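Asker: Following this message is one structure expressed as structure tokens.
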Amino acid sequence: MIKVLNIRTSKRCEFVDITHLVRQVVDESGVQTGVCFIHVPHTTAGVIINENADPDVVKDIDSVLRKLVPEYGNYKHLEGNSDAHIKSILVNPQTFILIEDGEIVLGTWQGIFFCEFDGPRNRKVYLKIVEG
Amino acid sequence: MIKVLNIRTSKRCEFVDITHLVRQVVDESGVQTGVCFIHVPHTTAGVIINENADPDVVKDIDSVLRKLVPEYGNYKHLEGNSDAHIKSILVNPQTFILIEDGEIVLGTWQGIFFCEFDGPRNRKVYLKIVEG
Amino acid sequence: MIKVLNIRTSKRCEFVDITHLVRQVVDESGVQTGVCFIHVPHTTAGVIINENADPDVVKDIDSVLRKLVPEYGNYKHLEGNSDAHIKSILVNPQTFILIEDGEIVLGTWQGIFFCEFDGPRNRKVYLKIVEG
């Protein structure tokens with residue numbers, strides 16, 4: 001069964017820490033060992049795993065992505081969010097988390113972030129747990 | 001069992017919508033719930049999930065990738081396709097699709113694209129479905 | 001059960017071929033068909049699948065990543081490794097390998113590389129095999 005997280009973003013570009021939400025879904029599933037798959041069903045957003053101790057890290061990631069893919073450019077797509085589609089591809093709209101002893105397995109400094117590139121919007125994140 | 005899609009590309013860089021092919025393999029498998037893993041066994045190609053409604057979106061993705069990773073540069077690899085290897089890493093040669101109620105789970109605007117960066121060539125895409 | 005690879009890197013940026021180590025873990029597991037998930041529990045490292053025949057390919061990948069994300073820049077994070085965090089996002093800290101007939105499934109030219117972006121360090125790579 002797929003569990004859906006509902007996320008409200010408040011800026012055009014924003015990194016939202018969803019680690020605790022993913023942990024809660026895994027806890028409630030009761031699964032002891034397996035994999036939690038995370039799929040973002042949007043084309044102008046993504047999901048990453050990186051440092052959540054110092055909030056400046058995701059600010060730097062955001063800043064470099066803006067330089068690599070400028071908001072205004074010679075784009076063909078006329079909705080004004082081509083940069084957001086391209087950033088979604090560079091960071092990817094999917095990831096997975098290993099589960100062991102009923103817990104999600106992350107490194108000391110790792111957190112899971114939903115990446116908004118064309119907000120503010122109401123967004124969804126799909127989680128699916130496979131035992132194994 | 002791994003299912004193989006055979007794809008013939010016609011340009012050096014090309015984004016081929018393979019959503020219907022993945023859907024067909026999942027349909028034929030009869031699997032109701034699980035994950036479909038997609039692996040591209042090439043080093044100068046990739047696979048992405050992004051908008052397939054407006055064909056200009058993948059044109060913009062292609063265009064920005066060309067700017068970030070120029071075809072001609074100060075490369076060490078002498079086959080003239082270093083840019084294609086690097087683009088393969090930036091977009092990734094792998095993805096997965098959730099399966100629920102016997103259907104692949106994609107957002108409204110999402111499609112699956114094979115990304116050719118060093119064509120034209122005959123290419124393969126591997127699909128593996130895991131129930132769960 | 002998660003298997004841990006221990007890797008010692010010797011430079012700030014380094015691509016370490018771990019294909020044989022992943023193959024060995026899959027061999028020892030005795031699993032005939034399934035998926036091997038690879039998770040790097042660090043925020044300044046990653047894992048990629050690309051050519052391991054010509055060592056110049058990963059040199060070119062390294063070189064373009066350095067150009068896209070300079071080591072010294074106008075970064076907020078004060079540890080001097082913001083570039084490494086951003087490169088980790090661009091290449092991703094995760095991948096998976098299909099398993100068929102007891103063997104990992106890779107294309108002719110594909111190898112698996114651990115990507116160090118802030119070494120030298122002692123690093124870990126987590127492997128988890130799911131049958132199916």
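Each chain in the structure tokens gets a letter, A, B, ..., in the order shown, and its residues are numbered from 1; ligands are numbered from 1 in order too.
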Could you produce a table of the residues of chain C lying within 7 Å of chain A, with the nearest pair of atoms per residue and their separation in Å rounded to one decimal, using only C-alpha atoms, ordered by chain and increasing residue number, as JSON lines?

Answerer:
```
{"residue": "C:Pro41", "atom": "CA", "partner": "A:Gly107", "partner_atom": "CA", "distance": 4.1}
{"residue": "C:His42", "atom": "CA", "partner": "A:Gly107", "partner_atom": "CA", "distance": 5.8}
{"residue": "C:Thr43", "atom": "CA", "partner": "A:Asn50", "partner_atom": "CA", "distance": 5.1}
{"residue": "C:Tyr75", "atom": "CA", "partner": "A:Asp60", "partner_atom": "CA", "distance": 5.9}
{"residue": "C:Lys76", "atom": "CA", "partner": "A:Asp56", "partner_atom": "CA", "distance": 5.6}
{"residue": "C:His77", "atom": "CA", "partner": "A:Asp56", "partner_atom": "CA", "distance": 5.0}
{"residue": "C:Ser82", "atom": "CA", "partner": "A:Val57", "partner_atom": "CA", "distance": 6.7}
{"residue": "C:Ile86", "atom": "CA", "partner": "A:Ile61", "partner_atom": "CA", "distance": 5.4}
{"residue": "C:Ile89", "atom": "CA", "partner": "A:Val91", "partner_atom": "CA", "distance": 6.1}
{"residue": "C:Leu90", "atom": "CA", "partner": "A:Val91", "partner_atom": "CA", "distance": 5.9}
{"residue": "C:Val130", "atom": "CA", "partner": "A:Gly132", "partner_atom": "CA", "distance": 5.3}
{"residue": "C:Glu131", "atom": "CA", "partner": "A:Gly132", "partner_atom": "CA", "distance": 6.9}
```

Asker: Those selected residues, please, written with C-alpha atoms and delivered as an mmCIF file, in the first residue's frame.

Answerer:
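Heads up, here's the output in out36.cif:
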```cif
data_model
loop_
_atom_site.group_PDB
_atom_site.id
_atom_site.type_symbol
_atom_site.label_atom_id
_atom_site.label_comp_id
_atom_site.auth_asym_id
_atom_site.auth_seq_id
_atom_site.Cartn_x
_atom_site.Cartn_y
_atom_site.Cartn_z
ATOM 1 C CA PRO C 41 25.714 6.903 4.443
ATOM 2 C CA HIS C 42 27.786 10.073 3.868
ATOM 3 C CA THR C 43 26.803 13.566 2.719
ATOM 4 C CA TYR C 75 29.269 29.338 0.198
ATOM 5 C CA LYS C 76 27.418 29.773 3.505
ATOM 6 C CA HIS C 77 28.401 26.406 5.051
ATOM 7 C CA SER C 82 30.045 22.735 0.283
ATOM 8 C CA ILE C 86 26.505 19.520 -3.907
ATOM 9 C CA ILE C 89 23.462 15.458 -4.765
ATOM 10 C CA LEU C 90 24.295 15.676 -8.479
ATOM 11 C CA VAL C 130 16.191 -8.167 -1.549
ATOM 12 C CA GLU C 131 15.114 -11.404 -3.229
#
```

Asker: Among stretch 2-126 of chain A, which ones does DSSP place in alpha helix (DSSP H), written as a PyMOL selection string?

Answerer: chain A and resi 19-29+56-68+82-91

Asker: Please produce a file of the residues just selected, as an mmCIF file, in the first residue's frame, where the atoms kept are N, CA and C atoms.

Answerer:
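Okay, selection-v1.cif is ready:
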```
data_model
loop_
_atom_site.group_PDB
_atom_site.id
_atom_site.type_symbol
_atom_site.label_atom_id
_atom_site.label_comp_id
_atom_site.auth_asym_id
_atom_site.auth_seq_id
_atom_site.Cartn_x
_atom_site.Cartn_y
_atom_site.Cartn_z
ATOM 1 N N THR A 19 12.439 13.913 7.064
ATOM 2 C CA THR A 19 12.999 12.707 7.707
ATOM 3 C C THR A 19 12.041 12.136 8.751
ATOM 4 N N HIS A 20 11.511 13.004 9.624
ATOM 5 C CA HIS A 20 10.641 12.527 10.709
ATOM 6 C C HIS A 20 9.343 11.930 10.160
ATOM 7 N N LEU A 21 8.860 12.453 9.028
ATOM 8 C CA LEU A 21 7.622 11.921 8.434
ATOM 9 C C LEU A 21 7.857 10.524 7.851
ATOM 10 N N VAL A 22 9.006 10.351 7.202
ATOM 11 C CA VAL A 22 9.339 9.033 6.652
ATOM 12 C C VAL A 22 9.539 8.038 7.792
ATOM 13 N N ARG A 23 10.236 8.473 8.848
ATOM 14 C CA ARG A 23 10.486 7.593 9.998
ATOM 15 C C ARG A 23 9.155 7.133 10.620
ATOM 16 N N GLN A 24 8.217 8.069 10.721
ATOM 17 C CA GLN A 24 6.912 7.755 11.320
ATOM 18 C C GLN A 24 6.151 6.695 10.505
ATOM 19 N N VAL A 25 6.170 6.848 9.188
ATOM 20 C CA VAL A 25 5.475 5.874 8.326
ATOM 21 C C VAL A 25 6.121 4.500 8.469
ATOM 22 N N VAL A 26 7.443 4.464 8.516
ATOM 23 C CA VAL A 26 8.148 3.178 8.666
ATOM 24 C C VAL A 26 7.841 2.575 10.039
ATOM 25 N N ASP A 27 7.868 3.392 11.069
ATOM 26 C CA ASP A 27 7.529 2.921 12.425
ATOM 27 C C ASP A 27 6.141 2.282 12.436
ATOM 28 N N GLU A 28 5.158 3.016 11.885
ATOM 29 C CA GLU A 28 3.765 2.554 11.918
ATOM 30 C C GLU A 28 3.546 1.290 11.090
ATOM 31 N N SER A 29 4.407 1.069 10.100
ATOM 32 C CA SER A 29 4.249 -0.121 9.250
ATOM 33 C C SER A 29 4.599 -1.393 10.009
ATOM 34 N N ASP A 56 22.677 25.635 6.461
ATOM 35 C CA ASP A 56 23.373 26.310 5.366
ATOM 36 C C ASP A 56 23.721 25.359 4.225
ATOM 37 N N VAL A 57 23.804 24.051 4.508
ATOM 38 C CA VAL A 57 24.171 23.113 3.442
ATOM 39 C C VAL A 57 23.125 23.132 2.331
ATOM 40 N N VAL A 58 21.840 23.013 2.665
ATOM 41 C CA VAL A 58 20.827 23.017 1.598
ATOM 42 C C VAL A 58 20.706 24.405 0.962
ATOM 43 N N LYS A 59 21.051 25.462 1.706
ATOM 44 C CA LYS A 59 21.071 26.797 1.078
ATOM 45 C C LYS A 59 22.141 26.846 -0.020
ATOM 46 N N ASP A 60 23.294 26.241 0.256
ATOM 47 C CA ASP A 60 24.361 26.207 -0.756
ATOM 48 C C ASP A 60 23.958 25.337 -1.956
ATOM 49 N N ILE A 61 23.293 24.217 -1.684
ATOM 50 C CA ILE A 61 22.828 23.361 -2.782
ATOM 51 C C ILE A 61 21.850 24.155 -3.652
ATOM 52 N N ASP A 62 20.897 24.833 -3.016
ATOM 53 C CA ASP A 62 19.917 25.653 -3.729
ATOM 54 C C ASP A 62 20.620 26.718 -4.572
ATOM 55 N N SER A 63 21.613 27.359 -3.980
ATOM 56 C CA SER A 63 22.305 28.457 -4.644
ATOM 57 C C SER A 63 23.068 27.986 -5.893
ATOM 58 N N VAL A 64 23.737 26.847 -5.793
ATOM 59 C CA VAL A 64 24.472 26.328 -6.957
ATOM 60 C C VAL A 64 23.500 25.867 -8.041
ATOM 61 N N LEU A 65 22.394 25.231 -7.649
ATOM 62 C CA LEU A 65 21.398 24.811 -8.647
ATOM 63 C C LEU A 65 20.853 26.032 -9.405
ATOM 64 N N ARG A 66 20.642 27.155 -8.717
ATOM 65 C CA ARG A 66 20.166 28.377 -9.381
ATOM 66 C C ARG A 66 21.171 28.902 -10.390
ATOM 67 N N LYS A 67 22.473 28.763 -10.034
ATOM 68 C CA LYS A 67 23.508 29.229 -10.970
ATOM 69 C C LYS A 67 23.593 28.315 -12.190
ATOM 70 N N LEU A 68 23.505 27.006 -11.949
ATOM 71 C CA LEU A 68 23.627 26.050 -13.063
ATOM 72 C C LEU A 68 22.416 26.134 -13.992
ATOM 73 N N SER A 82 10.759 26.142 -16.679
ATOM 74 C CA SER A 82 11.677 25.156 -17.260
ATOM 75 C C SER A 82 12.829 24.856 -16.317
ATOM 76 N N ASP A 83 13.315 25.894 -15.627
ATOM 77 C CA ASP A 83 14.407 25.666 -14.670
ATOM 78 C C ASP A 83 14.013 24.627 -13.619
ATOM 79 N N ALA A 84 12.764 24.666 -13.189
ATOM 80 C CA ALA A 84 12.296 23.735 -12.155
ATOM 81 C C ALA A 84 12.258 22.292 -12.683
ATOM 82 N N HIS A 85 11.841 22.117 -13.941
ATOM 83 C CA HIS A 85 11.847 20.772 -14.540
ATOM 84 C C HIS A 85 13.281 20.226 -14.595
ATOM 85 N N ILE A 86 14.215 21.090 -14.984
ATOM 86 C CA ILE A 86 15.600 20.638 -15.157
ATOM 87 C C ILE A 86 16.240 20.323 -13.795
ATOM 88 N N LYS A 87 15.974 21.157 -12.791
ATOM 89 C CA LYS A 87 16.490 20.865 -11.451
ATOM 90 C C LYS A 87 15.929 19.538 -10.927
ATOM 91 N N SER A 88 14.662 19.264 -11.228
ATOM 92 C CA SER A 88 14.039 17.999 -10.818
ATOM 93 C C SER A 88 14.824 16.807 -11.372
ATOM 94 N N ILE A 89 15.286 16.936 -12.618
ATOM 95 C CA ILE A 89 16.076 15.865 -13.246
ATOM 96 C C ILE A 89 17.461 15.760 -12.599
ATOM 97 N N LEU A 90 18.074 16.897 -12.298
ATOM 98 C CA LEU A 90 19.441 16.866 -11.741
ATOM 99 C C LEU A 90 19.467 16.257 -10.333
ATOM 100 N N VAL A 91 18.440 16.545 -9.515
ATOM 101 C CA VAL A 91 18.440 15.957 -8.170
ATOM 102 C C VAL A 91 17.668 14.648 -8.117
#
```

Asker: What is the atom CA of C:Glu116-atom CA of B:Asn81 distance in Å, reported with one decimal?

Answerer: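 Distance reported for this atom pair: 23.6 Å.
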
Asker: Need the shell around stretch 11-15 of chain A: protein/DNA/RNA residues with any atom at most 8 Å away, counting only C-alpha atoms. Skip same-chain ones fewer than 6 positions apart. Format as JSON, numbers by chain?

Answerer: {"A": [58, 62, 113, 114, 115, 116, 117, 118, 119, 120]}

Asker: With N, CA, C and O atoms retained, export the selected residues as a short mmCIF file (atom, residue, chain, number, x, y, z; two decimals), in the first residue's frame.

Answerer:
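That gives us out-v4.cif:
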```
data_model
loop_
_atom_site.label_atom_id
_atom_site.label_comp_id
_atom_site.auth_asym_id
_atom_site.auth_seq_id
_atom_site.Cartn_x
_atom_site.Cartn_y
_atom_site.Cartn_z
N VAL A 58 21.84 23.01 2.67
CA VAL A 58 20.83 23.02 1.60
C VAL A 58 20.71 24.41 0.96
O VAL A 58 20.33 24.53 -0.20
N ASP A 62 20.90 24.83 -3.02
CA ASP A 62 19.92 25.65 -3.73
C ASP A 62 20.62 26.72 -4.57
O ASP A 62 20.29 26.92 -5.76
N PHE A 113 15.18 15.36 2.31
CA PHE A 113 14.55 16.64 2.00
C PHE A 113 13.67 16.56 0.76
O PHE A 113 14.12 16.06 -0.28
N PHE A 114 12.43 17.04 0.87
CA PHE A 114 11.63 17.32 -0.31
C PHE A 114 12.14 18.62 -0.91
O PHE A 114 12.33 19.61 -0.19
N CYS A 115 12.36 18.64 -2.23
CA CYS A 115 12.90 19.83 -2.90
C CYS A 115 11.82 20.48 -3.75
O CYS A 115 11.40 19.91 -4.77
N GLU A 116 11.38 21.64 -3.36
CA GLU A 116 10.43 22.43 -4.13
C GLU A 116 11.19 23.35 -5.07
O GLU A 116 12.08 24.09 -4.62
N PHE A 117 10.86 23.30 -6.36
CA PHE A 117 11.53 24.20 -7.32
C PHE A 117 10.55 25.12 -8.03
O PHE A 117 10.96 25.94 -8.86
N ASP A 118 9.25 24.98 -7.76
CA ASP A 118 8.25 25.83 -8.45
C ASP A 118 7.06 26.08 -7.53
O ASP A 118 5.89 25.92 -7.92
N GLY A 119 7.36 26.46 -6.29
CA GLY A 119 6.30 26.71 -5.32
C GLY A 119 5.94 28.17 -5.26
O GLY A 119 6.41 28.95 -6.09
N PRO A 120 5.14 28.56 -4.26
CA PRO A 120 4.57 27.66 -3.26
C PRO A 120 3.41 26.82 -3.83
O PRO A 120 2.64 27.31 -4.65
#
```
